[in-house]
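Written out below as structure tokens is the structure these notes cover.
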Amino acid sequence: MSHNQSTSSVPSTPTHDRGRVPPGAIAVNIKWRGSDLVKSLSGKAKVVYDSQLDIVDFHPSHDTAIIYVSEQDMVAGTSYKKRIVKLRKVTSMKGVVLAEKTEMSKQYCLNLQKFVVLELGLVILFISTPCQAASLLIEMVLEENKPFSNPFRIKRKSQPIDISVLSTMKLVPRLGGVKAKALLVEFGSIEAISKASIKDLAKIVGQSTASHIYEFFNKKDKT
């Protein structure tokens with residue numbers, strides 16, 4: 001991606017190694033320099049600071065872009081949503097949102113999940129601390145560079161299932177991993193599942209679970 005392209009509408013891609021994040025490295029927005037999260041990455045992944053990442057916080061690989069939403073971001077308002085919307089516009093990137101779910105911020109998490117997953121079709125992963133986020137980022141970096149093993153791109157005979165998408169689907173209350181995986185295999189995406197009828201869902205998970213899933217994705221916010 002050329003840096004002459006406006007960074008006000010799309011995030012920059014790391015310019016290292018001809019546009020690719022070096023193996024075993026993670027590209028980090030310069031604003032995170034000296035943070036506890038980055039300190040937790042030290043010695044486990046090579047940190048490459050990039051001053052041109054714009055809205056993106058981390059690139060554990062050249063085609064995965066991560067935006068971090070902190071407890072403070074959620075409590076302060078919804079301005080962080082603009083960054084996520086910009087990320088959604090970049091079709092060449094797999095967009096992932098890491099969000100802090102704490103006692104203070106958990107009241108905002110359901111609405112954030114609906115916004116990220118249902119409205120934008122991106123992946124959201126909840127973490128409780130920056131240290132936990134660092135562990136997840138390290139796992140992404142390490143697995144990205146294994147030639148035949150990537151939990152974020154598990155291969156199936158039909159279509160790969162992204163583990164981060166599966167983790168997001170399992171956020172639906174009372175939906176277990178087996179049924180969540182079966183739904184993703186059948187429908188292909190969370191967005192398609194959210195638009196499916198109870199009848200179609202029931203063919204995969206049964207009537208009771210199908211009704212619950214349909215209600216979860218279609219209930220209106222009371223706020």
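Numbering starts fresh at 1 for the residues of each chain in the structure tokens, the chains themselves are lettered A, B, ... in the order given, and ligands are numbered from 1 as they appear.
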**Request:** Compile the contact shell of A:Phe126 as JSON, numbers by chain: residues with an atom at most 10 Å away, counting only C-alpha atoms, same-chain residues fewer than 4 positions apart removed.
**Result:** {"A": [69, 97, 98, 99, 100, 101, 102, 106, 109, 113, 132, 133, 167, 168, 171]}
**Distance in Å - atom CA of A:Glu103 versus atom CA of A:Lys81** =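 Interatomic distance here is 20.9 Å.
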**Request:** Run DSSP on the backbone and give me the residues of stretch 26-221 of chain A it puts in alpha helix (DSSP H), as a PyMOL selection string.
**Result:** chain A and resi 36-41+71-76+81-88+106-113+130-144+163-169+177-187+190-195+198-205+207-218
**Request:** Quick one: everything within 9 Å of A:Leu136, counting only C-alpha atoms, minus sequence neighbours fewer than 5 positions away in the same chain. Send it as a ChimeraX atom specification.
**Result:** /A:127,131,141
Just to be explicit: take each residue in the selection above, keep N, CA, C and O atoms, and write the result as a PDB file, in the first residue's frame.
ATOM      1  N   ILE A 127     -10.306  -9.589  26.155  1.00  0.00           N
ATOM      2  CA  ILE A 127      -9.222  -9.900  27.073  1.00  0.00           C
ATOM      3  C   ILE A 127      -9.436  -9.067  28.338  1.00  0.00           C
ATOM      4  O   ILE A 127     -10.172  -8.082  28.321  1.00  0.00           O
ATOM      5  N   CYS A 131      -1.570  -7.647  29.583  1.00  0.00           N
ATOM      6  CA  CYS A 131      -0.688  -8.811  29.633  1.00  0.00           C
ATOM      7  C   CYS A 131      -1.317 -10.000  28.912  1.00  0.00           C
ATOM      8  O   CYS A 131      -0.635 -10.730  28.172  1.00  0.00           O
ATOM      9  N   VAL A 141       1.711 -14.364  16.412  1.00  0.00           N
ATOM     10  CA  VAL A 141       2.991 -14.233  15.709  1.00  0.00           C
ATOM     11  C   VAL A 141       3.634 -15.601  15.497  1.00  0.00           C
ATOM     12  O   VAL A 141       4.071 -15.935  14.393  1.00  0.00           O
TER      13      VAL A 141
END
**Request:** Could you give me the residues within stretch 21-182 of chain A that DSSP places in strand (DSSP E), as JSON, numbers by chain?
**Result:** {"A": [25, 26, 27, 28, 29, 46, 47, 48, 49, 50, 58, 59, 60, 61, 64, 65, 66, 67, 68, 69, 94, 95, 96, 97, 98, 99, 100, 123, 124, 125, 126, 127]}
**Message:** Can you measure atom CA of A:Leu112 to atom CA of A:Val47 for me? One decimal in Å is fine.
**Reply:** 28.6 Å
**Request:** Go through A:Ser92, A:Phe216, A:Lys86, A:Tyr49 one by one, measure the shortest atom-to-atom distance of each to A:Gly34 using only C-alpha atoms, and give the residue with the smallest value.
**Result:**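 Between A:Ser92, A:Phe216, A:Lys86, A:Tyr49, the residue approaching A:Gly34 most closely is A:Tyr49.
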**Asked** Can you list, as a ChimeraX atom specification, every protein, DNA or RNA residue that comes within 9 Å of A:Thr64 when you count only C-alpha atoms, leaving out same-chain residues fewer than 5 positions away?
**Response** /A:58-59,92-96
**Item:** Nearest candidate to A:Ala65 (options A:Ser208, A:Ser35, A:Ser197, A:Asn29; using only C-alpha atoms)
**Value:** A:Asn29
**Residue contacts of stretch 174-190 of chain A (7 Å, only C-alpha atoms) excluding same-chain residues fewer than 6 positions away, as a PyMOL selection string** = chain A and resi 166+204-205
Output C-alpha atoms for every residue in the selection just made, as a PDB file, in the first residue's frame.
ATOM      1  CA  LEU A 166     -14.953 -19.306  16.125  1.00  0.00           C
ATOM      2  CA  ILE A 204     -27.759 -27.665  12.101  1.00  0.00           C
ATOM      3  CA  VAL A 205     -28.273 -27.198  15.846  1.00  0.00           C
TER       4      VAL A 205
END
**Request:** Find, counting only C-alpha atoms, the residue in A:Ala76, A:Ile26, A:Thr209, A:Ser61 that gets nearest to A:Ser42.
**Result:**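 Closest residue, counting only C-alpha atoms: A:Ile26.
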**Best match for closeness to A:Asp50 among A:Val165, A:Ile84, A:Ala192, A:Val21, counting only C-alpha atoms** =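 For A:Asp50, the nearest of the given residues is A:Val21.
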**Request:** Considering only C-alpha atoms, state which residue in the set A:Ala202, A:Ala210, A:Ala45, A:Ile55 is at the smallest distance from A:Arg83.
**Result:**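 Once distances to A:Arg83 are computed over only C-alpha atoms, the minimum belongs to A:Ile55.
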**Message:** Using only C-alpha atoms for the distances, tell me which of A:Lys203, A:Lys89, A:Met104, A:Glu143 is nearest to A:Ser128.
**Reply:**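 Among A:Lys203, A:Lys89, A:Met104, A:Glu143, it is A:Met104 that comes nearest to A:Ser128.
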